[in-house]
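Chemist: To start, I am sharing the structure in question, which I have written as structure tokens.
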Amino acid sequence: MEFDLHMALVILAAAVATFATRIGGYILITRMKSIPPRMEAALNAVPAAVLTTLVAPAFFIGGWESKLALIVALFVGLRISHTWMLVAAWAVVMGWRYTIGA
Amino acid sequence: MNRADFVEGLRGGSAVALASAPFGALFGALAVENGMSLSEVAFMSATVYAGASQMVGIELFGQNVHAWLIVLSILAVNFRHVLYSAALARYIGHFTPLQKFFTFFLLVDPQFAEAVKRSEAGKPLTFAWYFGFGIIIYIPWVLISVAGGMLGGFIGNPKAIGLDILLPAYFLGIVLGFRKRDNFLPVALVSAVASVVAYRYVGSPWHVSLGAAAGIALAALLPLPREVPDLEADALQSEVHEV
């Protein structure tokens, strides 16, 4: 159970960054009256834009079972719930690998 | 501290703790699978304490990505918290500086949503309630992520049991959680195309920053919407899959 110093420092930096976001709005709002609307629109788009870059290449490079699983997960997520998305994606991948093969 | 408020907070938070437990366990298992040790899993859950960004972290650790880009990506995923803490400001003016420190440290999506709901229902937002609500989510989150890591250590080939699909499916779920926001579809589409093109022609890890930059730039350039974003709905939406 080793504790890598480099990894620990990256985690610590991530923790500081996260805390900065959690206190940053408070500090901003108590100092300035409002955020410029275009900046707010850009900030609003940040999470969707970042997370999409983690899904799209996985879909692009993944095998057919992964592509199908993500498509099924998309529909389950739109209709049912996010927890069931994981179950559906997993079931498709496992079903494919144990019937058609990896 | 008001004991009744603290207990009420514990009760409310325990439901969130229960709902987020599977994701804590999943984080631990995938983190160990991506090469983290159990002590690093515990350290990350205890200090970062933000489900989605912890998942982003382990995804990028496994790809030999520069440290600054990992931190930047985590910062980006947690950027919504800037809006949460700004919105919370009007309710916590009476907290002491130390109480504010804990308030912001524990500020995860459901915590924000419930705190705003409580304030808007006319109940005073006491630190006792807030701390009870937060601590009953925080402690299990750390413990269960380590337990998940222990289980993950037993797993041989992640592909054989379908673990490899869970991370992209998890991220897809969080992306969908933002689908009610203005310009969601054009932003997501542009980021998707840009990240795939960057992945193909520039290479990982640059697809993350280039893809995200394309989507964010588009959002800044598109015509401005009239309404303000419904933060509380966002926060509640992410309750099921995130701490």
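Chain labels follow the order of the structure tokens: the first chain is A, the next B, and so on; residue numbering restarts at 1 in every chain, and ligands are counted from 1 in their shown order.
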I'd like the contact shell of Val46 (chain A) - 6 Å cut-off, only C-alpha atoms, skipping same-chain residues fewer than 3 positions apart - returned as a PDB file with N, CA and C atoms, in the first residue's frame.
Modeler:
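Result file part-v3.pdb:
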```
ATOM      1  N   LEU A  43     -19.201  30.097 -18.196  1.00  0.00           N
ATOM      2  CA  LEU A  43     -19.041  29.296 -16.976  1.00  0.00           C
ATOM      3  C   LEU A  43     -20.096  28.199 -16.903  1.00  0.00           C
ATOM      4  N   ALA A  49     -19.131  20.840 -21.263  1.00  0.00           N
ATOM      5  CA  ALA A  49     -18.077  20.813 -22.280  1.00  0.00           C
ATOM      6  C   ALA A  49     -16.933  19.883 -21.863  1.00  0.00           C
TER       7      ALA A  49
ATOM      8  N   ILE B 216     -16.852  25.724 -24.699  1.00  0.00           N
ATOM      9  CA  ILE B 216     -16.975  26.916 -23.855  1.00  0.00           C
ATOM     10  C   ILE B 216     -16.957  28.187 -24.708  1.00  0.00           C
TER      11      ILE B 216
END
```
Chemist: What are the closest atom pairs, with distances in Å to one decimal, for each residue of chain B lying within 6 Å of chain A, using only C-alpha atoms, rows by chain and rising residue number, as JSON lines?
Modeler:
```
{"residue": "B:Ser37", "atom": "CA", "partner": "A:Met1", "partner_atom": "CA", "distance": 5.6}
{"residue": "B:Met44", "atom": "CA", "partner": "A:Ile11", "partner_atom": "CA", "distance": 5.9}
{"residue": "B:Thr47", "atom": "CA", "partner": "A:Ala15", "partner_atom": "CA", "distance": 5.4}
{"residue": "B:Val48", "atom": "CA", "partner": "A:Ala15", "partner_atom": "CA", "distance": 4.1}
{"residue": "B:Val71", "atom": "CA", "partner": "A:Ala14", "partner_atom": "CA", "distance": 5.0}
{"residue": "B:Leu75", "atom": "CA", "partner": "A:Ala17", "partner_atom": "CA", "distance": 5.6}
{"residue": "B:Val77", "atom": "CA", "partner": "A:Pro47", "partner_atom": "CA", "distance": 4.9}
{"residue": "B:Phe79", "atom": "CA", "partner": "A:Thr21", "partner_atom": "CA", "distance": 5.9}
{"residue": "B:His81", "atom": "CA", "partner": "A:Arg22", "partner_atom": "CA", "distance": 5.0}
{"residue": "B:Val82", "atom": "CA", "partner": "A:Gly25", "partner_atom": "CA", "distance": 4.2}
{"residue": "B:Leu83", "atom": "CA", "partner": "A:Gly25", "partner_atom": "CA", "distance": 5.6}
{"residue": "B:Ser85", "atom": "CA", "partner": "A:Gly25", "partner_atom": "CA", "distance": 4.8}
{"residue": "B:Ala86", "atom": "CA", "partner": "A:Gly25", "partner_atom": "CA", "distance": 4.0}
{"residue": "B:Ala89", "atom": "CA", "partner": "A:Tyr26", "partner_atom": "CA", "distance": 5.6}
{"residue": "B:Phe104", "atom": "CA", "partner": "A:Arg22", "partner_atom": "CA", "distance": 5.3}
{"residue": "B:Gly162", "atom": "CA", "partner": "A:Met94", "partner_atom": "CA", "distance": 5.8}
{"residue": "B:Pro168", "atom": "CA", "partner": "A:Val55", "partner_atom": "CA", "distance": 5.2}
{"residue": "B:Ala169", "atom": "CA", "partner": "A:Leu86", "partner_atom": "CA", "distance": 5.9}
{"residue": "B:Gly173", "atom": "CA", "partner": "A:His82", "partner_atom": "CA", "distance": 5.5}
{"residue": "B:Val175", "atom": "CA", "partner": "A:Ala48", "partner_atom": "CA", "distance": 5.3}
{"residue": "B:Ala188", "atom": "CA", "partner": "A:Ala49", "partner_atom": "CA", "distance": 5.8}
{"residue": "B:Ser191", "atom": "CA", "partner": "A:Ala49", "partner_atom": "CA", "distance": 5.5}
{"residue": "B:Ala192", "atom": "CA", "partner": "A:Ala56", "partner_atom": "CA", "distance": 5.2}
{"residue": "B:Ser195", "atom": "CA", "partner": "A:Thr53", "partner_atom": "CA", "distance": 5.3}
{"residue": "B:Val196", "atom": "CA", "partner": "A:Pro57", "partner_atom": "CA", "distance": 5.2}
{"residue": "B:Val208", "atom": "CA", "partner": "A:Thr53", "partner_atom": "CA", "distance": 5.3}
{"residue": "B:Gly211", "atom": "CA", "partner": "A:Thr53", "partner_atom": "CA", "distance": 5.7}
{"residue": "B:Ala212", "atom": "CA", "partner": "A:Ala49", "partner_atom": "CA", "distance": 4.7}
{"residue": "B:Gly215", "atom": "CA", "partner": "A:Ala49", "partner_atom": "CA", "distance": 5.2}
{"residue": "B:Ile216", "atom": "CA", "partner": "A:Ala42", "partner_atom": "CA", "distance": 5.3}
{"residue": "B:Ala219", "atom": "CA", "partner": "A:Ala42", "partner_atom": "CA", "distance": 5.3}
{"residue": "B:Ala220", "atom": "CA", "partner": "A:Ala42", "partner_atom": "CA", "distance": 4.8}
```
Chemist: Which distance in Å separates CA of Phe127 (chain B) and CA of Phe23 (chain B), to one decimal?
Modeler: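 That distance, rounded to one decimal, is 26.9 Å.
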Chemist: Just to confirm, what's the straight-line distance from CA of Tyr201 (chain B) to CA of Met36 (chain B) in Å (one decimal)?
Modeler: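 So the two atoms, CA of Tyr201 (chain B) and CA of Met36 (chain B), lie 29.5 Å apart.
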Chemist: For a test of reading the model, state the distance in Å between CA of Pro223 (chain B) and CA of Val190 (chain B), rounded to one decimal.
Modeler: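 Answer for the CA of Pro223 (chain B) to CA of Val190 (chain B) separation: 16.0 Å.
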Chemist: Extract the full set of alpha helix (DSSP H) residues from chain B according to DSSP on the backbone, and format it as a PyMOL selection string.
Modeler: chain B and resi 3-33+38-47+51-61+67-77+80-88+97-105+109-120+127-153+166-177+184-201+206-221+231-237
Chemist: Out of B:Ser14, B:Asn78, B:Ser204, B:Thr126, which residue has the shortest atom-to-atom distance to Gln63 (chain B) when counting only C-alpha atoms?
Modeler: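 So, comparing all the options, the nearest one is B:Ser204.
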Chemist: Give me the residues near Leu143 (chain B) as a list in words, where near means some atom within 9 Å (using only C-alpha atoms) and where sequence neighbours in that chain fewer than 6 positions away do not count.
Modeler: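 Residues near the query, excluding close chain neighbours: Gly24, Ala25, Ala42 and Ser45 of chain B.
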Chemist: Which residue gives the smallest distance to Asp5 (chain B) among B:Lys100, B:Lys180, B:Arg118, B:His66, with only C-alpha atoms counted?
Modeler: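 When distances to Asp5 (chain B) are compared using only C-alpha atoms, the smallest one comes from B:Arg118.
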